[in-house]
Protein chains: 2
Amino acid sequence: VVLARDGGRGLTHRAVDREAGVPQGATKNHFPTREALLEAAARRMAEQHRGAVQRLQETTPCSVTAEDVGELYPALLRRAVAADPTPILAMVELYLEAVRRPAVRAALGEMVVANAHAAAELHRAAGLATTTGDAGLLDAYFLGAAISVLALPAETRNIVGMDDPETVGHQVFAAAVPRMDRHRDHRDRATG
Amino acid sequence: VVLARDGGRGLTHRAVDREAGVPQGATKNHFPTREALLEAAARRMAEQHRGAVQRLQETTPCSVTAEDVGELYPALLRRAVAADPTPILAMVELYLEAVRRPAVRAALGEMVVANAHAAAELHRAAGLATTTGDAGLLDAYFLGAAISVLALPAETRNIVGMDDPETVGHQVFAAAVPRMDRHRDHRDRATG
């Protein structure tokens, strides 16, 4: 929460003490340096992310379709920008901190790999041809689209066609995931 | 420079005095509040960006091809992540500040609109069907891809297929820009 509201440089021991409602100094006892505190925040976010992905996998019916998966990203983007922007803003802060701090970089890397593997698996269960690489790009495009929708004024979003998060979510999905119908087209032409 | 190195919360009057080599207090005289300082940074970046876009347009030969335009984004991404990451990191910081600050949001909006118009114009001069909306998405995907390449460890980039910025640049371009061959396919099928 502190990371999203106040940014990486707002993540101080004292701010976490306040937010968590623990006595002043408690956070410093656990995480003596700011580096340790940021790394802990990264690991915490990675765990939460992994938990969410796992719950998604456990609740995915065997009969999940490509359309179901395609509807996931508009829903995720709408939630990321409308319901509660805290997690996605914290994520962008984490990317910026990762550029500067090796420990944060490592924690972020683990999260992104786990996420890409899980997404590719889900997509393939739905009959899509998504590779781990496609899933990685999907993640990157999603991040860029989410921060754009959150940061740009309404007039700008209107001009650049980003006023509806659901539409953008569909576009992000279509941009990164290989289209089955296009594959079919090619095959049809090759064999026909 | 201060924005990229130290982030939005590192952009203080004193840090700018130091970086610019002016006497302490000079920056505060010009921009009395941090809000004014951030807005000035946003306007400065918007101008630099506009200048770069204009130089690009002026030096674009009339005979620019779709292939030339397609090679622009791998080159831009390589420069953004390899030669000097300062501008793209400052840009991400600006997006984060824009979420919180209306004045920064407005300046960023103007820059993004000018950029999307200019890009769509360039693409169309090269015979591509890119709309301002496509150009806006291209910008968003580029930002997400650039920060991902900068933030992720080498092993992660390898696994998610982001180890070569040039390849990622080509993918970002292909993701947002409507493919002529696909359009031709549709037309062929419709008229054939």
# chains A, B, ... in the order shown; residues from 1 in each chain; ligands from 1

call {"tool": "residues_around", "arguments": {"residues": "region 154-161 of chain A", "least_positions_apart": "4", "cutoff": "8 Å", "atoms": "only C-alpha atoms", "output": "PyMOL selection string"}}
result
(chain A and resi 149) or (chain B and resi 109-110+112-113+116+132-137)

call {"tool": "write_last_selection", "arguments": {"atoms": "all heavy atoms", "output": "PDB file, in the first residue's frame"}}
result
ATOM      1  N   VAL A 149      -3.607   4.137 -19.208  1.00  0.00           N
ATOM      2  CA  VAL A 149      -5.009   4.438 -18.898  1.00  0.00           C
ATOM      3  C   VAL A 149      -5.102   5.219 -17.577  1.00  0.00           C
ATOM      4  O   VAL A 149      -5.886   6.156 -17.452  1.00  0.00           O
ATOM      5  CB  VAL A 149      -5.856   3.142 -18.839  1.00  0.00           C
ATOM      6  CG1 VAL A 149      -7.255   3.430 -18.322  1.00  0.00           C
ATOM      7  CG2 VAL A 149      -5.930   2.485 -20.215  1.00  0.00           C
TER       8      VAL A 149
ATOM      9  N   GLY B 109      -0.548  14.399 -21.204  1.00  0.00           N
ATOM     10  CA  GLY B 109      -1.602  14.181 -22.197  1.00  0.00           C
ATOM     11  C   GLY B 109      -1.291  14.865 -23.515  1.00  0.00           C
ATOM     12  O   GLY B 109      -1.396  14.260 -24.578  1.00  0.00           O
ATOM     13  N   GLU B 110      -0.856  16.137 -23.428  1.00  0.00           N
ATOM     14  CA  GLU B 110      -0.515  16.884 -24.657  1.00  0.00           C
ATOM     15  C   GLU B 110       0.608  16.195 -25.422  1.00  0.00           C
ATOM     16  O   GLU B 110       0.573  16.078 -26.649  1.00  0.00           O
ATOM     17  CB  GLU B 110      -0.060  18.300 -24.299  1.00  0.00           C
ATOM     18  CG  GLU B 110      -1.208  19.236 -24.002  1.00  0.00           C
ATOM     19  CD  GLU B 110      -0.691  20.577 -23.496  1.00  0.00           C
ATOM     20  OE1 GLU B 110       0.333  21.065 -24.015  1.00  0.00           O
ATOM     21  OE2 GLU B 110      -1.318  21.122 -22.564  1.00  0.00           O
ATOM     22  N   VAL B 112       1.499  13.013 -25.346  1.00  0.00           N
ATOM     23  CA  VAL B 112       1.092  11.716 -25.907  1.00  0.00           C
ATOM     24  C   VAL B 112       0.242  11.925 -27.165  1.00  0.00           C
ATOM     25  O   VAL B 112       0.401  11.214 -28.157  1.00  0.00           O
ATOM     26  CB  VAL B 112       0.356  10.875 -24.842  1.00  0.00           C
ATOM     27  CG1 VAL B 112      -0.352   9.689 -25.463  1.00  0.00           C
ATOM     28  CG2 VAL B 112       1.350  10.400 -23.786  1.00  0.00           C
ATOM     29  N   VAL B 113      -0.646  12.927 -27.137  1.00  0.00           N
ATOM     30  CA  VAL B 113      -1.485  13.200 -28.298  1.00  0.00           C
ATOM     31  C   VAL B 113      -0.620  13.657 -29.488  1.00  0.00           C
ATOM     32  O   VAL B 113      -0.761  13.146 -30.603  1.00  0.00           O
ATOM     33  CB  VAL B 113      -2.558  14.266 -27.980  1.00  0.00           C
ATOM     34  CG1 VAL B 113      -3.210  14.769 -29.255  1.00  0.00           C
ATOM     35  CG2 VAL B 113      -3.615  13.690 -27.051  1.00  0.00           C
ATOM     36  N   ALA B 116       1.239  10.691 -30.864  1.00  0.00           N
ATOM     37  CA  ALA B 116       0.389   9.723 -31.581  1.00  0.00           C
ATOM     38  C   ALA B 116      -0.001  10.261 -32.956  1.00  0.00           C
ATOM     39  O   ALA B 116       0.023   9.523 -33.951  1.00  0.00           O
ATOM     40  CB  ALA B 116      -0.851   9.401 -30.750  1.00  0.00           C
ATOM     41  N   THR B 132      -4.568   6.995 -35.265  1.00  0.00           N
ATOM     42  CA  THR B 132      -4.036   7.622 -34.056  1.00  0.00           C
ATOM     43  C   THR B 132      -4.197   6.677 -32.866  1.00  0.00           C
ATOM     44  O   THR B 132      -3.337   6.629 -31.978  1.00  0.00           O
ATOM     45  CB  THR B 132      -4.773   8.948 -33.783  1.00  0.00           C
ATOM     46  OG1 THR B 132      -4.721   9.742 -34.982  1.00  0.00           O
ATOM     47  CG2 THR B 132      -4.115   9.735 -32.665  1.00  0.00           C
ATOM     48  N   GLY B 133      -5.279   5.903 -32.851  1.00  0.00           N
ATOM     49  CA  GLY B 133      -5.495   4.919 -31.789  1.00  0.00           C
ATOM     50  C   GLY B 133      -4.428   3.827 -31.800  1.00  0.00           C
ATOM     51  O   GLY B 133      -3.902   3.456 -30.744  1.00  0.00           O
ATOM     52  N   ASP B 134      -4.100   3.315 -32.993  1.00  0.00           N
ATOM     53  CA  ASP B 134      -3.024   2.316 -33.097  1.00  0.00           C
ATOM     54  C   ASP B 134      -1.714   2.904 -32.569  1.00  0.00           C
ATOM     55  O   ASP B 134      -0.960   2.239 -31.857  1.00  0.00           O
ATOM     56  CB  ASP B 134      -2.801   1.892 -34.558  1.00  0.00           C
ATOM     57  CG  ASP B 134      -4.022   1.221 -35.174  1.00  0.00           C
ATOM     58  OD1 ASP B 134      -4.733   0.509 -34.446  1.00  0.00           O
ATOM     59  OD2 ASP B 134      -4.250   1.410 -36.387  1.00  0.00           O
ATOM     60  N   ALA B 135      -1.458   4.161 -32.929  1.00  0.00           N
ATOM     61  CA  ALA B 135      -0.213   4.809 -32.509  1.00  0.00           C
ATOM     62  C   ALA B 135      -0.178   4.987 -30.989  1.00  0.00           C
ATOM     63  O   ALA B 135       0.882   4.855 -30.366  1.00  0.00           O
ATOM     64  CB  ALA B 135      -0.061   6.161 -33.204  1.00  0.00           C
ATOM     65  N   GLY B 136      -1.346   5.264 -30.386  1.00  0.00           N
ATOM     66  CA  GLY B 136      -1.431   5.378 -28.935  1.00  0.00           C
ATOM     67  C   GLY B 136      -1.125   4.048 -28.249  1.00  0.00           C
ATOM     68  O   GLY B 136      -0.393   3.997 -27.256  1.00  0.00           O
ATOM     69  N   LEU B 137      -1.667   2.972 -28.803  1.00  0.00           N
ATOM     70  CA  LEU B 137      -1.381   1.638 -28.252  1.00  0.00           C
ATOM     71  C   LEU B 137       0.092   1.293 -28.418  1.00  0.00           C
ATOM     72  O   LEU B 137       0.721   0.742 -27.521  1.00  0.00           O
ATOM     73  CB  LEU B 137      -2.223   0.574 -28.965  1.00  0.00           C
ATOM     74  CG  LEU B 137      -3.674   0.416 -28.517  1.00  0.00           C
ATOM     75  CD1 LEU B 137      -4.365  -0.644 -29.371  1.00  0.00           C
ATOM     76  CD2 LEU B 137      -3.759   0.022 -27.050  1.00  0.00           C
TER      77      LEU B 137
END

call {"tool": "residues_around", "arguments": {"residues": "Ile147 (chain A)", "least_positions_apart": "6", "cutoff": "10 Å", "atoms": "only C-alpha atoms", "output": "list of chain:residue names"}}
result
A:Ala80, A:Val81, A:Pro85, A:Ile88, A:Leu89, A:Val92, B:Val92, B:Tyr95, B:Leu96, B:Ala98, B:Val99, B:Ala140, B:Leu143, B:Gly144

call {"tool": "write_last_selection", "arguments": {"atoms": "all heavy atoms", "output": "short mmCIF file (atom, residue, chain, number, x, y, z; two decimals), in the first residue's frame"}}
result
data_model
loop_
_atom_site.label_atom_id
_atom_site.label_comp_id
_atom_site.auth_asym_id
_atom_site.auth_seq_id
_atom_site.Cartn_x
_atom_site.Cartn_y
_atom_site.Cartn_z
N ALA A 80 -7.76 -3.38 -12.66
CA ALA A 80 -6.48 -2.71 -12.37
C ALA A 80 -6.62 -1.19 -12.39
O ALA A 80 -5.95 -0.49 -11.63
CB ALA A 80 -5.42 -3.15 -13.36
N VAL A 81 -7.47 -0.66 -13.27
CA VAL A 81 -7.53 0.80 -13.41
C VAL A 81 -8.74 1.41 -12.72
O VAL A 81 -8.74 2.59 -12.40
CB VAL A 81 -7.51 1.25 -14.89
CG1 VAL A 81 -6.25 0.77 -15.57
CG2 VAL A 81 -8.75 0.79 -15.63
N PRO A 85 -6.51 0.79 -8.14
CA PRO A 85 -5.24 0.93 -8.87
C PRO A 85 -4.00 0.66 -8.01
O PRO A 85 -2.89 0.66 -8.55
CB PRO A 85 -5.27 2.38 -9.36
CG PRO A 85 -6.21 3.09 -8.46
CD PRO A 85 -7.17 2.08 -7.92
N ILE A 88 -1.41 -2.25 -9.24
CA ILE A 88 -0.69 -2.03 -10.50
C ILE A 88 0.30 -0.87 -10.36
O ILE A 88 1.41 -0.92 -10.91
CB ILE A 88 -1.66 -1.84 -11.70
CG1 ILE A 88 -0.92 -2.00 -13.04
CG2 ILE A 88 -2.36 -0.50 -11.68
CD1 ILE A 88 -0.75 -3.41 -13.48
N LEU A 89 -0.06 0.15 -9.57
CA LEU A 89 0.89 1.24 -9.33
C LEU A 89 2.09 0.75 -8.53
O LEU A 89 3.24 1.11 -8.82
CB LEU A 89 0.20 2.40 -8.59
CG LEU A 89 -0.84 3.17 -9.42
CD1 LEU A 89 -1.52 4.22 -8.56
CD2 LEU A 89 -0.20 3.82 -10.64
N VAL A 92 4.40 -1.02 -10.93
CA VAL A 92 5.25 -0.13 -11.73
C VAL A 92 6.40 0.41 -10.89
O VAL A 92 7.55 0.47 -11.34
CB VAL A 92 4.42 1.03 -12.35
CG1 VAL A 92 5.33 1.98 -13.12
CG2 VAL A 92 3.34 0.49 -13.27
N VAL B 92 8.63 7.02 -17.37
CA VAL B 92 7.81 6.17 -16.49
C VAL B 92 7.51 6.91 -15.19
O VAL B 92 6.37 6.87 -14.69
CB VAL B 92 8.51 4.82 -16.21
CG1 VAL B 92 7.69 3.98 -15.23
CG2 VAL B 92 8.72 4.04 -17.51
N TYR B 95 4.71 9.28 -15.84
CA TYR B 95 3.41 8.61 -15.85
C TYR B 95 2.91 8.40 -14.42
O TYR B 95 1.73 8.64 -14.13
CB TYR B 95 3.49 7.27 -16.59
CG TYR B 95 3.28 7.37 -18.08
CD1 TYR B 95 4.25 7.91 -18.92
CD2 TYR B 95 2.10 6.93 -18.68
CE1 TYR B 95 4.07 8.01 -20.29
CE2 TYR B 95 1.89 7.02 -20.05
CZ TYR B 95 2.88 7.55 -20.85
OH TYR B 95 2.68 7.65 -22.21
N LEU B 96 3.81 7.95 -13.54
CA LEU B 96 3.40 7.72 -12.14
C LEU B 96 2.99 9.02 -11.46
O LEU B 96 2.00 9.06 -10.72
CB LEU B 96 4.55 7.06 -11.35
CG LEU B 96 4.74 5.56 -11.62
CD1 LEU B 96 6.01 5.08 -10.91
CD2 LEU B 96 3.53 4.75 -11.15
N ALA B 98 1.82 11.60 -12.98
CA ALA B 98 0.59 12.05 -13.63
C ALA B 98 -0.65 11.45 -12.99
O ALA B 98 -1.72 12.07 -12.97
CB ALA B 98 0.62 11.72 -15.13
N VAL B 99 -0.52 10.22 -12.45
CA VAL B 99 -1.66 9.58 -11.79
C VAL B 99 -2.09 10.43 -10.59
O VAL B 99 -3.27 10.57 -10.30
CB VAL B 99 -1.29 8.15 -11.32
CG1 VAL B 99 -2.44 7.51 -10.54
CG2 VAL B 99 -0.91 7.28 -12.52
N ALA B 140 1.98 2.84 -25.72
CA ALA B 140 1.77 2.16 -24.43
C ALA B 140 2.54 0.84 -24.38
O ALA B 140 3.19 0.53 -23.38
CB ALA B 140 0.27 1.92 -24.21
N LEU B 143 6.28 1.47 -23.99
CA LEU B 143 6.63 1.83 -22.61
C LEU B 143 6.71 0.58 -21.74
O LEU B 143 7.67 0.40 -20.98
CB LEU B 143 5.57 2.79 -22.06
CG LEU B 143 5.93 3.53 -20.78
CD1 LEU B 143 6.97 4.61 -21.05
CD2 LEU B 143 4.69 4.17 -20.15
N GLY B 144 5.70 -0.30 -21.83
CA GLY B 144 5.69 -1.52 -21.04
C GLY B 144 6.85 -2.43 -21.39
O GLY B 144 7.48 -3.03 -20.51
#

call {"tool": "residues_around", "arguments": {"residues": "Ala129 (chain B)", "least_positions_apart": "2", "cutoff": "9 Å", "atoms": "only C-alpha atoms", "output": "compact mmCIF listing (two decimals) with all heavy atoms, in the first residue's frame"}}
result
# COMPACT_ATOMS: atom_id res chain seq x y z
N ALA B 120 1.20 8.46 -36.42
CA ALA B 120 0.20 7.98 -37.38
C ALA B 120 0.45 8.61 -38.75
O ALA B 120 0.34 7.94 -39.78
CB ALA B 120 -1.21 8.30 -36.87
N HIS B 123 3.45 6.97 -40.36
CA HIS B 123 3.09 5.62 -40.81
C HIS B 123 2.29 5.69 -42.11
O HIS B 123 2.52 4.91 -43.04
CB HIS B 123 2.28 4.90 -39.74
CG HIS B 123 3.11 4.43 -38.57
ND1 HIS B 123 2.83 3.28 -37.88
CD2 HIS B 123 4.20 4.96 -37.97
CE1 HIS B 123 3.72 3.12 -36.91
NE2 HIS B 123 4.55 4.14 -36.94
N ARG B 124 1.35 6.63 -42.15
CA ARG B 124 0.50 6.71 -43.34
C ARG B 124 1.28 7.20 -44.55
O ARG B 124 1.05 6.76 -45.67
CB ARG B 124 -0.74 7.56 -43.07
CG ARG B 124 -1.77 6.75 -42.24
CD ARG B 124 -3.13 7.40 -42.25
NE ARG B 124 -3.07 8.72 -41.65
CZ ARG B 124 -3.50 9.01 -40.41
NH1 ARG B 124 -4.03 8.07 -39.66
NH2 ARG B 124 -3.42 10.23 -39.96
N GLY B 127 2.55 4.43 -46.24
CA GLY B 127 1.58 3.50 -46.82
C GLY B 127 0.94 2.55 -45.81
O GLY B 127 0.22 1.64 -46.20
N THR B 131 -3.88 4.10 -37.41
CA THR B 131 -4.71 5.20 -36.92
C THR B 131 -4.02 5.85 -35.71
O THR B 131 -3.04 5.31 -35.18
CB THR B 131 -6.08 4.68 -36.46
OG1 THR B 131 -5.87 3.79 -35.34
CG2 THR B 131 -6.80 3.92 -37.56
N VAL B 177 0.38 -2.21 -35.02
CA VAL B 177 0.15 -1.65 -36.35
C VAL B 177 -0.57 -2.68 -37.22
O VAL B 177 -0.13 -3.82 -37.32
CB VAL B 177 1.49 -1.25 -36.99
CG1 VAL B 177 1.33 -0.88 -38.46
CG2 VAL B 177 2.09 -0.08 -36.20
N PRO B 178 -1.70 -2.26 -37.83
CA PRO B 178 -2.44 -3.21 -38.67
C PRO B 178 -1.57 -3.70 -39.83
O PRO B 178 -0.88 -2.90 -40.46
CB PRO B 178 -3.64 -2.40 -39.18
CG PRO B 178 -3.37 -0.99 -38.83
CD PRO B 178 -2.31 -0.94 -37.80
N ARG B 179 -1.59 -5.00 -40.04
CA ARG B 179 -0.73 -5.57 -41.06
C ARG B 179 -1.36 -5.42 -42.43
O ARG B 179 -2.51 -5.83 -42.64
CB ARG B 179 -0.52 -7.06 -40.77
CG ARG B 179 0.34 -7.28 -39.55
CD ARG B 179 1.72 -7.78 -39.94
NE ARG B 179 1.64 -9.19 -40.21
CZ ARG B 179 1.70 -10.14 -39.27
NH1 ARG B 179 1.85 -9.82 -38.03
NH2 ARG B 179 1.61 -11.40 -39.60
N MET B 180 -0.60 -4.84 -43.36
CA MET B 180 -1.11 -4.65 -44.71
C MET B 180 -1.47 -5.97 -45.35
O MET B 180 -2.48 -6.11 -46.00
CB MET B 180 -0.07 -3.93 -45.57
CG MET B 180 0.25 -2.54 -45.09
SD MET B 180 -1.23 -1.60 -44.69
CE MET B 180 -1.43 -0.66 -46.18

call {"tool": "select_by_dssp", "arguments": {"residues": "region 22-179 of chain A", "states": "alpha helix (DSSP H)", "output": "number ranges by chain"}}
result
A: 26-30, 34-58, 66-78, 86-100, 102-125, 132-151, 154-159, 165-176

call {"tool": "closest_residue", "arguments": {"among": "A:Pro87, A:Pro102, A:Leu108, A:Leu56", "to": "Leu72 (chain A)", "atoms": "only C-alpha atoms"}}
result
A:Leu56
